[in-house]
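*Asks:* One structure is given below, represented as structure tokens, and several questions about it will come after.
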Amino acid sequence: MGTLSLSSSLKPSIISPRPSSSSSTSSPSYLSRPNNLYLKPTKPISTPLRTSPSPLRFANASIEMSQTQESAIRGAESDVMGLLLRERIVFLGSSIDDFVADAIMSQLLLLDAKDPNKDIKLFINSSGGSLSATMAIYDVVQLIRADVSTIALGIAASTASIILGAGTKGKRFAMPNTRIMMHQPLGGASGQAIDVEIQAKEVMHNKNNVTSIIAGCTSRSFERVLKDIDRDRYMSPIEAVEYGLIDGVIDGDSIIPLEPVPDRVKPRVNYEEISKDPMKFLTPEIPDDEIY
């Protein structure tokens, strides 16, 4: 009987049958065919055993995880904005768009939820931007329970001046070299006549809304503000205090509190005359009868 065996390379091989006494000696051996072939594995197939991981491997993995967590904590602590947020300081230092507005609103809401009795300092150095994003920040500033102290530095122009004036009255300040500018909303329209009319109505609505907000922040009349924002109106911190947009100027370690000039009273100092002849105001003329 012929048999097949599996070698180590898993290739079948024919095992020659044993010679039988009954077989004829005259016939060649290669003419004999085996009647029954079967596969016989020469070596048993053994499956590899799964070894359990060593405790040392677990220890190394835990050490690497702890080091990753520590590095993440150090990275968060080294983040400047994160450190400012811990001190309840929010910084607006770019043009205002939807992304910036979402970041400012989330920080204000978070600080208000942590402690509504502590002030939030909002530093502003922005040239303005989207009116809708600015209105969103303005509404959140009015919504939260904590007082928001707005501090302008660099420039607070266009819609950024609205956020500057939206702070808690008595806590709106500016640095000495800050420039503040306010104007009416900008807009344009194109297309069919009916589309231009719709856009024109929306621009007028935004203008009236901004005028009423500035009038409420500055205690000025609606008509006066409407006239003042018809063109770009640049102001120094002192002029902004006189207008009522802020409440004081930060000079070094002290805050110079000033009172806004009423709407019907003209300021006693004319800045145009001072710029033309400053020595006249530094050395005023004193009558002889007042000299002792």
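Residue numbering restarts at 1 for every chain of the structure tokens, chains are lettered A, B, ... in their displayed order, and ligands are numbered from 1 as they appear.
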Just list as number ranges by chain whatever in segment 136-204 of chain A DSSP marks as alpha helix (DSSP H).
*Replies:* A: 136-143, 159-165, 193-204
*Asks:* Set the distance at 9 Å and use only C-alpha atoms: which residues neighbour segment 157-162 of chain A once local chain neighbours fewer than 4 positions away are removed? I'd like the list as a compact mmCIF listing (two decimals) with all heavy atoms, in the first residue's frame.
*Replies:*
```txt
# COMPACT_ATOMS: atom_id res chain seq x y z
N SER A 95 -8.84 91.61 14.69
CA SER A 95 -10.10 92.01 14.07
C SER A 95 -11.22 91.09 14.54
O SER A 95 -11.01 89.89 14.77
CB SER A 95 -9.99 91.97 12.55
OG SER A 95 -8.99 92.87 12.10
N ILE A 96 -12.39 91.64 14.66
CA ILE A 96 -13.52 90.89 15.23
C ILE A 96 -14.24 90.15 14.11
O ILE A 96 -14.74 90.77 13.16
CB ILE A 96 -14.49 91.85 15.95
CG1 ILE A 96 -13.74 92.63 17.04
CG2 ILE A 96 -15.65 91.08 16.56
CD1 ILE A 96 -14.57 93.72 17.68
N ILE A 124 -8.70 95.55 25.16
CA ILE A 124 -9.13 95.72 23.77
C ILE A 124 -8.03 96.42 22.99
O ILE A 124 -7.60 97.52 23.35
CB ILE A 124 -10.44 96.53 23.68
CG1 ILE A 124 -11.55 95.83 24.47
CG2 ILE A 124 -10.87 96.73 22.23
CD1 ILE A 124 -12.81 96.65 24.60
N ASN A 125 -7.58 95.78 21.94
CA ASN A 125 -6.64 96.37 20.98
C ASN A 125 -7.07 95.87 19.60
O ASN A 125 -6.51 94.92 19.06
CB ASN A 125 -5.20 95.98 21.30
CG ASN A 125 -4.22 96.59 20.32
OD1 ASN A 125 -4.51 97.58 19.65
ND2 ASN A 125 -3.05 95.98 20.21
N SER A 126 -8.08 96.50 19.05
CA SER A 126 -8.69 95.99 17.83
C SER A 126 -9.12 97.15 16.96
O SER A 126 -9.50 98.22 17.45
CB SER A 126 -9.90 95.10 18.18
OG SER A 126 -10.61 94.71 17.02
N SER A 127 -9.08 96.91 15.66
CA SER A 127 -9.53 97.90 14.69
C SER A 127 -10.97 97.67 14.24
O SER A 127 -11.40 98.26 13.26
CB SER A 127 -8.61 97.88 13.46
OG SER A 127 -8.60 96.59 12.87
N GLY A 128 -11.70 96.82 14.95
CA GLY A 128 -13.10 96.57 14.60
C GLY A 128 -13.25 95.32 13.75
O GLY A 128 -12.37 94.46 13.70
N GLY A 129 -14.40 95.25 13.10
CA GLY A 129 -14.64 94.08 12.26
C GLY A 129 -16.12 93.89 11.99
O GLY A 129 -16.85 94.85 11.72
N SER A 130 -16.56 92.65 12.09
CA SER A 130 -17.93 92.30 11.76
C SER A 130 -18.90 92.90 12.78
O SER A 130 -18.68 92.80 14.00
CB SER A 130 -18.08 90.78 11.73
OG SER A 130 -19.44 90.41 11.61
N LEU A 131 -19.96 93.52 12.28
CA LEU A 131 -20.94 94.13 13.18
C LEU A 131 -21.76 93.06 13.90
O LEU A 131 -22.05 93.21 15.10
CB LEU A 131 -21.86 95.06 12.40
CG LEU A 131 -22.93 95.80 13.23
CD1 LEU A 131 -22.28 96.68 14.28
CD2 LEU A 131 -23.83 96.64 12.32
N THR A 134 -19.70 91.66 16.67
CA THR A 134 -19.58 92.65 17.74
C THR A 134 -20.85 92.71 18.57
O THR A 134 -20.80 92.82 19.81
CB THR A 134 -19.27 94.03 17.15
OG1 THR A 134 -18.06 93.95 16.38
CG2 THR A 134 -19.09 95.06 18.24
N MET A 135 -22.01 92.64 17.93
CA MET A 135 -23.27 92.66 18.66
C MET A 135 -23.41 91.43 19.55
O MET A 135 -24.00 91.50 20.64
CB MET A 135 -24.43 92.74 17.68
CG MET A 135 -24.55 94.07 16.95
SD MET A 135 -24.92 95.46 18.05
CE MET A 135 -23.29 96.23 18.19
N TYR A 138 -21.30 92.18 22.57
CA TYR A 138 -21.98 93.21 23.36
C TYR A 138 -23.13 92.61 24.17
O TYR A 138 -23.29 92.93 25.36
CB TYR A 138 -22.51 94.30 22.41
CG TYR A 138 -23.36 95.34 23.10
CD1 TYR A 138 -22.77 96.43 23.75
CD2 TYR A 138 -24.75 95.25 23.10
CE1 TYR A 138 -23.55 97.38 24.39
CE2 TYR A 138 -25.53 96.20 23.73
CZ TYR A 138 -24.93 97.26 24.37
OH TYR A 138 -25.70 98.21 25.00
N ALA A 152 -8.79 99.89 27.06
CA ALA A 152 -8.34 100.05 25.68
C ALA A 152 -6.86 100.39 25.66
O ALA A 152 -6.37 101.18 26.47
CB ALA A 152 -9.13 101.15 24.98
N ALA A 166 -19.26 99.41 26.23
CA ALA A 166 -20.25 98.50 26.80
C ALA A 166 -19.88 98.01 28.18
O ALA A 166 -20.70 97.31 28.81
CB ALA A 166 -20.45 97.31 25.87
N ARG A 179 -5.72 105.36 20.84
CA ARG A 179 -6.57 106.11 19.91
C ARG A 179 -7.91 105.39 19.81
O ARG A 179 -7.97 104.17 19.65
CB ARG A 179 -5.93 106.22 18.53
CG ARG A 179 -4.63 107.00 18.51
CD ARG A 179 -4.81 108.44 18.93
NE ARG A 179 -5.60 109.20 17.95
CZ ARG A 179 -6.01 110.46 18.15
NH1 ARG A 179 -5.76 111.07 19.30
NH2 ARG A 179 -6.70 111.08 17.20
N ILE A 180 -8.96 106.17 19.91
CA ILE A 180 -10.32 105.64 19.89
C ILE A 180 -11.06 106.29 18.72
O ILE A 180 -10.99 107.51 18.53
CB ILE A 180 -11.04 105.93 21.23
CG1 ILE A 180 -10.26 105.30 22.39
CG2 ILE A 180 -12.47 105.40 21.20
CD1 ILE A 180 -10.73 105.73 23.75
N MET A 181 -11.73 105.46 17.95
CA MET A 181 -12.44 105.97 16.78
C MET A 181 -13.81 105.30 16.68
O MET A 181 -13.93 104.09 16.87
CB MET A 181 -11.64 105.72 15.50
CG MET A 181 -12.23 106.38 14.24
SD MET A 181 -13.43 105.36 13.36
CE MET A 181 -12.34 104.19 12.57
N MET A 182 -14.81 106.10 16.38
CA MET A 182 -16.15 105.56 16.16
C MET A 182 -16.73 106.19 14.89
O MET A 182 -16.43 107.33 14.55
CB MET A 182 -17.06 105.83 17.36
CG MET A 182 -17.24 107.27 17.71
SD MET A 182 -18.30 107.48 19.16
CE MET A 182 -18.46 109.27 19.21
N HIS A 183 -17.54 105.42 14.20
CA HIS A 183 -18.19 105.89 12.98
C HIS A 183 -19.45 105.07 12.76
O HIS A 183 -19.74 104.11 13.48
CB HIS A 183 -17.25 105.82 11.77
CG HIS A 183 -16.73 104.44 11.48
ND1 HIS A 183 -15.74 104.19 10.57
CD2 HIS A 183 -17.08 103.22 11.96
CE1 HIS A 183 -15.49 102.90 10.51
NE2 HIS A 183 -16.30 102.29 11.35
N GLN A 184 -20.19 105.43 11.74
CA GLN A 184 -21.41 104.71 11.43
C GLN A 184 -21.08 103.39 10.73
O GLN A 184 -19.99 103.24 10.16
CB GLN A 184 -22.31 105.56 10.53
CG GLN A 184 -21.69 105.91 9.18
CD GLN A 184 -22.66 106.67 8.30
OE1 GLN A 184 -23.84 106.38 8.30
NE2 GLN A 184 -22.14 107.65 7.57
N PRO A 185 -21.98 102.42 10.77
CA PRO A 185 -21.71 101.13 10.11
C PRO A 185 -21.53 101.30 8.61
O PRO A 185 -22.17 102.14 7.97
CB PRO A 185 -22.95 100.30 10.43
CG PRO A 185 -23.56 100.95 11.62
CD PRO A 185 -23.26 102.40 11.52
N VAL A 210 -26.75 101.07 16.32
CA VAL A 210 -25.45 101.47 16.86
C VAL A 210 -25.53 102.85 17.50
O VAL A 210 -24.95 103.09 18.57
CB VAL A 210 -24.39 101.44 15.73
CG1 VAL A 210 -23.09 102.10 16.19
CG2 VAL A 210 -24.14 100.01 15.29
N ILE A 213 -27.07 102.52 20.93
CA ILE A 213 -26.17 101.89 21.89
C ILE A 213 -25.11 102.88 22.37
O ILE A 213 -24.84 103.00 23.57
CB ILE A 213 -25.52 100.65 21.27
CG1 ILE A 213 -26.55 99.54 21.08
CG2 ILE A 213 -24.36 100.15 22.13
CD1 ILE A 213 -26.02 98.33 20.36
N ILE A 214 -24.52 103.62 21.43
CA ILE A 214 -23.51 104.62 21.83
C ILE A 214 -24.14 105.72 22.67
O ILE A 214 -23.53 106.21 23.63
CB ILE A 214 -22.81 105.18 20.58
CG1 ILE A 214 -22.04 104.07 19.85
CG2 ILE A 214 -21.85 106.31 20.96
CD1 ILE A 214 -21.37 104.54 18.57
N CYS A 217 -24.39 104.40 26.14
CA CYS A 217 -23.10 104.28 26.82
C CYS A 217 -22.52 105.62 27.23
O CYS A 217 -21.81 105.73 28.23
CB CYS A 217 -22.11 103.54 25.93
SG CYS A 217 -22.56 101.83 25.55
N ASP A 232 -15.68 109.50 10.37
CA ASP A 232 -14.74 108.94 11.36
C ASP A 232 -14.41 109.99 12.41
O ASP A 232 -13.94 111.09 12.08
CB ASP A 232 -13.46 108.47 10.68
CG ASP A 232 -13.70 107.28 9.77
OD1 ASP A 232 -14.81 106.70 9.84
OD2 ASP A 232 -12.80 106.94 8.99
N TYR A 234 -12.04 110.46 15.53
CA TYR A 234 -10.91 109.99 16.33
C TYR A 234 -10.85 110.80 17.62
O TYR A 234 -11.06 112.02 17.62
CB TYR A 234 -9.59 110.12 15.56
CG TYR A 234 -9.43 109.08 14.48
CD1 TYR A 234 -9.89 109.31 13.19
CD2 TYR A 234 -8.79 107.87 14.75
CE1 TYR A 234 -9.74 108.36 12.19
CE2 TYR A 234 -8.64 106.92 13.75
CZ TYR A 234 -9.11 107.16 12.48
OH TYR A 234 -8.97 106.23 11.49
N LEU A 245 -17.40 108.06 26.67
CA LEU A 245 -17.23 106.68 26.21
C LEU A 245 -16.44 105.86 27.22
O LEU A 245 -16.66 104.64 27.33
CB LEU A 245 -16.52 106.69 24.86
CG LEU A 245 -16.55 105.39 24.05
CD1 LEU A 245 -17.99 105.01 23.72
CD2 LEU A 245 -15.74 105.53 22.77
```
*Asks:* Work out how far apart atom CA of Asp139 of chain A and atom CA of Leu83 of chain A are and give it in Å to one decimal.
*Replies:*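 For atom CA of Asp139 of chain A relative to atom CA of Leu83 of chain A, the distance reads 25.5 Å.
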*Asks:* If I take atom CA of Phe91 of chain A and atom CA of Asp230 of chain A, how far is one from the other in Å, to one decimal?
*Replies:*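 According to the coordinates, atom CA of Phe91 of chain A and atom CA of Asp230 of chain A are separated by 29.1 Å.
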*Asks:* Just asking: which residues within segment 93-150 of chain A are strand (DSSP E or B) according to DSSP, as a PyMOL selection string?
*Replies:* chain A and resi 96+120-126+129+148-150
*Asks:* For atom CA of Met235 of chain A and atom CA of Ser221 of chain A, determine how far apart the two atoms are, in Å to one decimal place.
*Replies:*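 Between these atoms lies a distance of 18.5 Å.
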*Asks:* Using only C-alpha atoms, which of the listed residues (A:Arg172, A:Arg220, A:Lys207, A:Lys227) sits closest to Val241 of chain A?
*Replies:* A:Arg172
*Asks:* Do you know which residues are at most 12 Å from Ile246 of chain A counting only C-alpha atoms, after dropping those on the same chain fewer than 6 positions away, and could you put them as a ChimeraX atom specification?
*Replies:* /A:149-152,156,161-175,178,180,214,217-219,235-240,256-261
*Asks:* Select, from A:Asp102, A:Asp251, A:Asp112, A:Glu223, the residue with the minimum atom-to-atom distance to Arg88 of chain A, counting only C-alpha atoms.
*Replies:*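 Among A:Asp102, A:Asp251, A:Asp112, A:Glu223, it is A:Asp112 that comes nearest to Arg88 of chain A.
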